[in-house]
Amino acid sequence: MTTVLLLRYPQQDYVTWRQELAGESTGILIARVATRSQSRQTPATNMWLADHVTSASDEASIIFITRDTENASIAIITLNRPDRLNALTPEMGPLYAATLQELDADPSVRAIVVTGAGRGFCSGADLSSLAGSTDDLLSYVRGQTVQTLPLVALTLATPVATAINGPCAGIGFVLAMSADARFVASDATLSTTFARLGLVAEYGIAWLLPRLVGVPVATDLLLTGRTITGDEAARLGLATGSSDPVASALTWAREIATNSSPRSTAMMKRQLLQADSLTLSDAVPKALDAMAEAFTWPDLAEALEARAHKRAPQFPDPPGRD
């Protein structure tokens with residue numbers, strides 16, 4: 001059986017939901033979904049949870065979460081506006097970021113896979129949102145931080161993979177690139193788009209893209225806003241090509257969930273994120289300090305014990321995730 005979380009809320013309740021989330025230790029309760037046997041509804045957020053169901057469909061469900069049937073420690077996030085190629089409304093971006101952070105706080109989650117429903121990954125922002133007043137748009141932008149944007153995936157302790165199954169543009173491109181691993185279908189299309197809308201390199205993509213493919217390629221993709229295929233994206237190093245990106249992302253996630261220490265992967269993600277801001281002289285002492293700390297973890301003893309007995313390791317949950 002697959003655990004599914006359906007998130008539903010009317011647009012006018014979004015501010016109320018965010019205020020409640022900020023002040024409620026249980027957040028949106030994703031961390032508790034896997035262990036609860038009954039559905040729970042939170043009227044203030046107009047949100048309901050359904051446990052142990054094989055499938056679910058609801059026109060109001062803009063994001064849903066399932067657990068991998070082969071490895072329940074892998075959470076799968078699906079953007080669910082297939083009729084609009086999963087274009088993001090102003091509410092969906094922060095909701096996606098909050099969903100990632102709630103899953104990251106759940107000790108039962110060892111890896112996360114993100115994809116889109118239907119034939120698209122995420123076609124970008126719902127352009128109807130750009131038709132609002134300038135004041136509304138400025139208010140939206142000024143209310144954002146790294147913690148409310150797709151790039152938050154890079155700051156999580158939990159490894160994240162994106163499965164780019166179709167059109168991917170604008171903020172959808174940022175969301176797709178904001179992952180530790182990216183898998184793309186050959187017939188998917190990708191575009192930064194921003195220059196062709198009279199906008200700028202939004203949501204931190206000017207920082208991220210050169211880290212993935214270097215300054216020359218990043219400059220080309222940003223300044224031209226041209227559309228590339230999944231095959232070209234793979235050649236450029238944006239993602240790994242795959243005939244089935246969801247299956248490939250799950251294979252990657254299962255490898256990590258089965259064989260890698262969550263404390264190790266969390267530390268490595270932190271080291272990678274800090275690397276560009278450190279000189280070699282600074283990075284090496286920090287690495288040595290981290291090594292000394294790792295020698296005291298129970299993870300090393302468990303790994304050696306597992307190897308001696310030719311079994312998969314049973315790494316403990318890292319502290320601070322329950």
# chains A, B, ... in the order shown; residues from 1 in each chain; ligands from 1
>>> closest_atom_pairs(of="range 99-186 of chain A", to="range 227-247 of chain A", cutoff="8 Å", atoms="only C-alpha atoms", output="tab-separated table")
residue	atom	partner	partner_atom	distance
A:Val113	CA	A:Val246	CA	7.9
A:Thr115	CA	A:Val246	CA	7.1
A:Ala163	CA	A:Pro245	CA	4.9
A:Ile164	CA	A:Pro245	CA	6.4
A:Asn165	CA	A:Pro245	CA	6.3
A:Met177	CA	A:Leu238	CA	7.4
A:Ala181	CA	A:Ala239	CA	7.3
A:Arg182	CA	A:Ala239	CA	4.7
A:Phe183	CA	A:Thr240	CA	4.7
A:Val184	CA	A:Gly241	CA	5.0
A:Ala185	CA	A:Ser242	CA	5.2
A:Ser186	CA	A:Gly230	CA	4.2
>>> write_last_selection(atoms="N, CA and C atoms", output="compact mmCIF listing (two decimals), in the first residue's frame")
# COMPACT_ATOMS: atom_id res chain seq x y z
N VAL A 113 12.10 12.07 -3.94
CA VAL A 113 12.04 12.17 -5.40
C VAL A 113 10.90 13.13 -5.76
N THR A 115 8.61 14.86 -8.99
CA THR A 115 8.24 14.80 -10.40
C THR A 115 6.94 15.54 -10.62
N ALA A 163 12.86 14.18 -11.18
CA ALA A 163 12.62 13.37 -12.37
C ALA A 163 11.87 14.24 -13.37
N ILE A 164 12.60 14.75 -14.38
CA ILE A 164 12.06 15.73 -15.32
C ILE A 164 11.42 14.97 -16.47
N ASN A 165 10.12 14.83 -16.40
CA ASN A 165 9.39 13.96 -17.31
C ASN A 165 8.78 14.69 -18.50
N MET A 177 16.41 21.99 -11.23
CA MET A 177 17.85 22.03 -11.00
C MET A 177 18.20 22.02 -9.52
N ALA A 181 20.43 15.30 -7.40
CA ALA A 181 20.54 14.52 -8.63
C ALA A 181 19.33 14.86 -9.50
N ARG A 182 19.56 14.89 -10.81
CA ARG A 182 18.50 15.26 -11.74
C ARG A 182 18.48 14.25 -12.87
N PHE A 183 17.30 13.77 -13.22
CA PHE A 183 17.15 12.79 -14.30
C PHE A 183 16.12 13.34 -15.29
N VAL A 184 16.42 13.21 -16.60
CA VAL A 184 15.59 13.87 -17.59
C VAL A 184 15.25 12.93 -18.74
N ALA A 185 14.00 12.98 -19.19
CA ALA A 185 13.57 12.22 -20.36
C ALA A 185 14.13 12.87 -21.61
N SER A 186 14.45 12.07 -22.61
CA SER A 186 15.06 12.61 -23.83
C SER A 186 14.15 13.58 -24.54
>>> select_by_dssp(residues="range 107-263 of chain A", states="helix (DSSP H, G or I)", output="MDAnalysis selection string")
chainID A and resid 127:131 134:142 146:148 150:155 171:177 194:197 205:213 215:224 230:236 245:259 262:263
>>> write_last_selection(atoms="C-alpha atoms", output="CSV table (one decimal), in the first residue's frame")
chain,number,residue,atom,x,y,z
A,127,LEU,CA,1.4,33.5,-16.1
A,128,SER,CA,-2.0,34.6,-14.9
A,129,SER,CA,-0.2,35.5,-11.6
A,130,LEU,CA,1.9,38.0,-13.5
A,131,ALA,CA,-1.2,39.9,-14.5
A,134,THR,CA,2.8,45.7,-9.4
A,135,ASP,CA,2.2,46.1,-5.6
A,136,ASP,CA,1.0,42.5,-5.4
A,137,LEU,CA,4.0,41.2,-7.3
A,138,LEU,CA,6.4,43.2,-5.2
A,139,SER,CA,4.8,42.0,-2.0
A,140,TYR,CA,5.1,38.4,-3.2
A,141,VAL,CA,8.8,38.8,-4.1
A,142,ARG,CA,9.8,40.6,-0.9
A,146,VAL,CA,15.7,30.7,0.6
A,147,GLN,CA,13.5,28.8,2.9
A,148,THR,CA,10.4,29.5,0.8
A,150,PRO,CA,12.9,25.6,-4.5
A,151,LEU,CA,16.6,26.1,-3.7
A,152,VAL,CA,15.8,25.1,-0.1
A,153,ALA,CA,16.2,21.5,-1.4
A,154,LEU,CA,20.0,22.1,-1.5
A,155,THR,CA,20.0,23.0,2.2
A,171,ILE,CA,10.7,28.6,-11.9
A,172,GLY,CA,10.0,25.0,-13.0
A,173,PHE,CA,13.6,24.9,-14.4
A,174,VAL,CA,14.8,26.3,-11.1
A,175,LEU,CA,12.9,23.7,-9.2
A,176,ALA,CA,14.2,20.9,-11.4
A,177,MET,CA,17.8,22.0,-11.0
A,194,PHE,CA,13.3,34.7,-18.0
A,195,ALA,CA,15.0,36.8,-20.6
A,196,ARG,CA,12.1,36.2,-23.1
A,197,LEU,CA,9.7,37.5,-20.5
A,205,ILE,CA,19.4,30.3,-10.6
A,206,ALA,CA,22.3,32.6,-11.5
A,207,TRP,CA,24.1,31.2,-8.4
A,208,LEU,CA,23.1,27.6,-9.0
A,209,LEU,CA,23.5,27.2,-12.8
A,210,PRO,CA,27.2,28.0,-13.1
A,211,ARG,CA,27.8,25.5,-10.3
A,212,LEU,CA,26.2,22.8,-12.4
A,213,VAL,CA,27.5,23.5,-15.9
A,215,VAL,CA,29.7,30.0,-16.5
A,216,PRO,CA,29.7,29.8,-20.3
A,217,VAL,CA,26.9,27.3,-20.6
A,218,ALA,CA,24.9,29.0,-17.8
A,219,THR,CA,25.4,32.4,-19.6
A,220,ASP,CA,24.1,30.9,-22.8
A,221,LEU,CA,21.0,29.3,-21.3
A,222,LEU,CA,20.1,32.5,-19.3
A,223,LEU,CA,20.7,35.1,-21.9
A,224,THR,CA,19.1,33.3,-24.8
A,230,GLY,CA,16.4,16.4,-22.6
A,231,ASP,CA,19.1,14.9,-24.7
A,232,GLU,CA,20.9,18.3,-24.9
A,233,ALA,CA,20.4,18.8,-21.2
A,234,ALA,CA,22.1,15.5,-20.5
A,235,ARG,CA,25.0,16.4,-22.9
A,236,LEU,CA,25.5,19.8,-21.1
A,245,PRO,CA,13.4,9.5,-15.2
A,246,VAL,CA,11.1,8.5,-12.4
A,247,ALA,CA,12.4,5.0,-12.3
A,248,SER,CA,16.0,6.3,-12.5
A,249,ALA,CA,15.4,8.7,-9.7
A,250,LEU,CA,14.0,6.0,-7.6
A,251,THR,CA,16.9,3.7,-8.3
A,252,TRP,CA,19.3,6.5,-7.2
A,253,ALA,CA,17.2,7.2,-4.0
A,254,ARG,CA,17.0,3.4,-3.2
A,255,GLU,CA,20.8,3.1,-3.4
A,256,ILE,CA,21.2,5.9,-0.9
A,257,ALA,CA,18.3,4.9,1.4
A,258,THR,CA,19.7,1.3,1.5
A,259,ASN,CA,23.4,1.8,1.7
A,262,PRO,CA,21.9,9.6,6.6
A,263,ARG,CA,24.2,11.4,9.0
>>> residues_around(residues="Phe315 in chain A", least_positions_apart="5", cutoff="9 Å", atoms="only C-alpha atoms", output="list of chain:residue names")
A:Asn259, A:Ser260, A:Ser261, A:Pro262, A:Arg263, A:Pro298, A:Asp299, A:Leu300, A:Glu302, A:Ala303
>>> residues_around(residues="Phe121 in chain A", least_positions_apart="2", cutoff="10 Å", atoms="only C-alpha atoms", output="PyMOL selection string")
chain A and resi 78-82+85-87+114-119+123-124+162-169+172-173+175-176+184+188-190
>>> write_last_selection(atoms="C-alpha atoms", output="mmCIF file, in the first residue's frame")
data_model
loop_
_atom_site.group_PDB
_atom_site.id
_atom_site.type_symbol
_atom_site.label_atom_id
_atom_site.label_comp_id
_atom_site.auth_asym_id
_atom_site.auth_seq_id
_atom_site.Cartn_x
_atom_site.Cartn_y
_atom_site.Cartn_z
ATOM 1 C CA THR A 78 4.241 15.012 -7.305
ATOM 2 C CA LEU A 79 3.237 18.451 -8.581
ATOM 3 C CA ASN A 80 -0.380 18.001 -9.559
ATOM 4 C CA ARG A 81 -1.778 20.515 -12.040
ATOM 5 C CA PRO A 82 -1.466 18.343 -15.145
ATOM 6 C CA LEU A 85 1.609 21.285 -17.156
ATOM 7 C CA ASN A 86 1.990 21.747 -13.386
ATOM 8 C CA ALA A 87 2.508 25.505 -13.655
ATOM 9 C CA VAL A 114 10.160 15.019 -7.124
ATOM 10 C CA THR A 115 8.243 14.795 -10.403
ATOM 11 C CA GLY A 116 5.203 16.189 -12.197
ATOM 12 C CA ALA A 117 1.809 14.648 -12.914
ATOM 13 C CA GLY A 118 0.817 13.968 -16.502
ATOM 14 C CA ARG A 119 3.064 14.878 -19.406
ATOM 15 C CA SER A 123 6.021 24.641 -17.141
ATOM 16 C CA GLY A 124 6.954 27.579 -14.915
ATOM 17 C CA THR A 162 14.135 15.425 -9.552
ATOM 18 C CA ALA A 163 12.617 13.367 -12.375
ATOM 19 C CA ILE A 164 12.059 15.729 -15.321
ATOM 20 C CA ASN A 165 9.393 13.955 -17.313
ATOM 21 C CA GLY A 166 8.301 16.767 -19.637
ATOM 22 C CA PRO A 167 8.211 20.553 -20.186
ATOM 23 C CA CYS A 168 10.256 22.424 -17.619
ATOM 24 C CA ALA A 169 10.665 26.218 -17.718
ATOM 25 C CA GLY A 172 10.013 24.964 -12.997
ATOM 26 C CA PHE A 173 13.565 24.915 -14.371
ATOM 27 C CA LEU A 175 12.890 23.653 -9.173
ATOM 28 C CA ALA A 176 14.246 20.888 -11.410
ATOM 29 C CA VAL A 184 15.588 13.871 -17.591
ATOM 30 C CA ALA A 188 11.548 16.681 -22.235
ATOM 31 C CA THR A 189 12.044 20.373 -22.983
ATOM 32 C CA LEU A 190 13.846 22.800 -20.694
#
>>> atom_distance(atom1="CA of Gly225 in chain A", atom2="CA of Thr192 in chain A")
5.2 Å
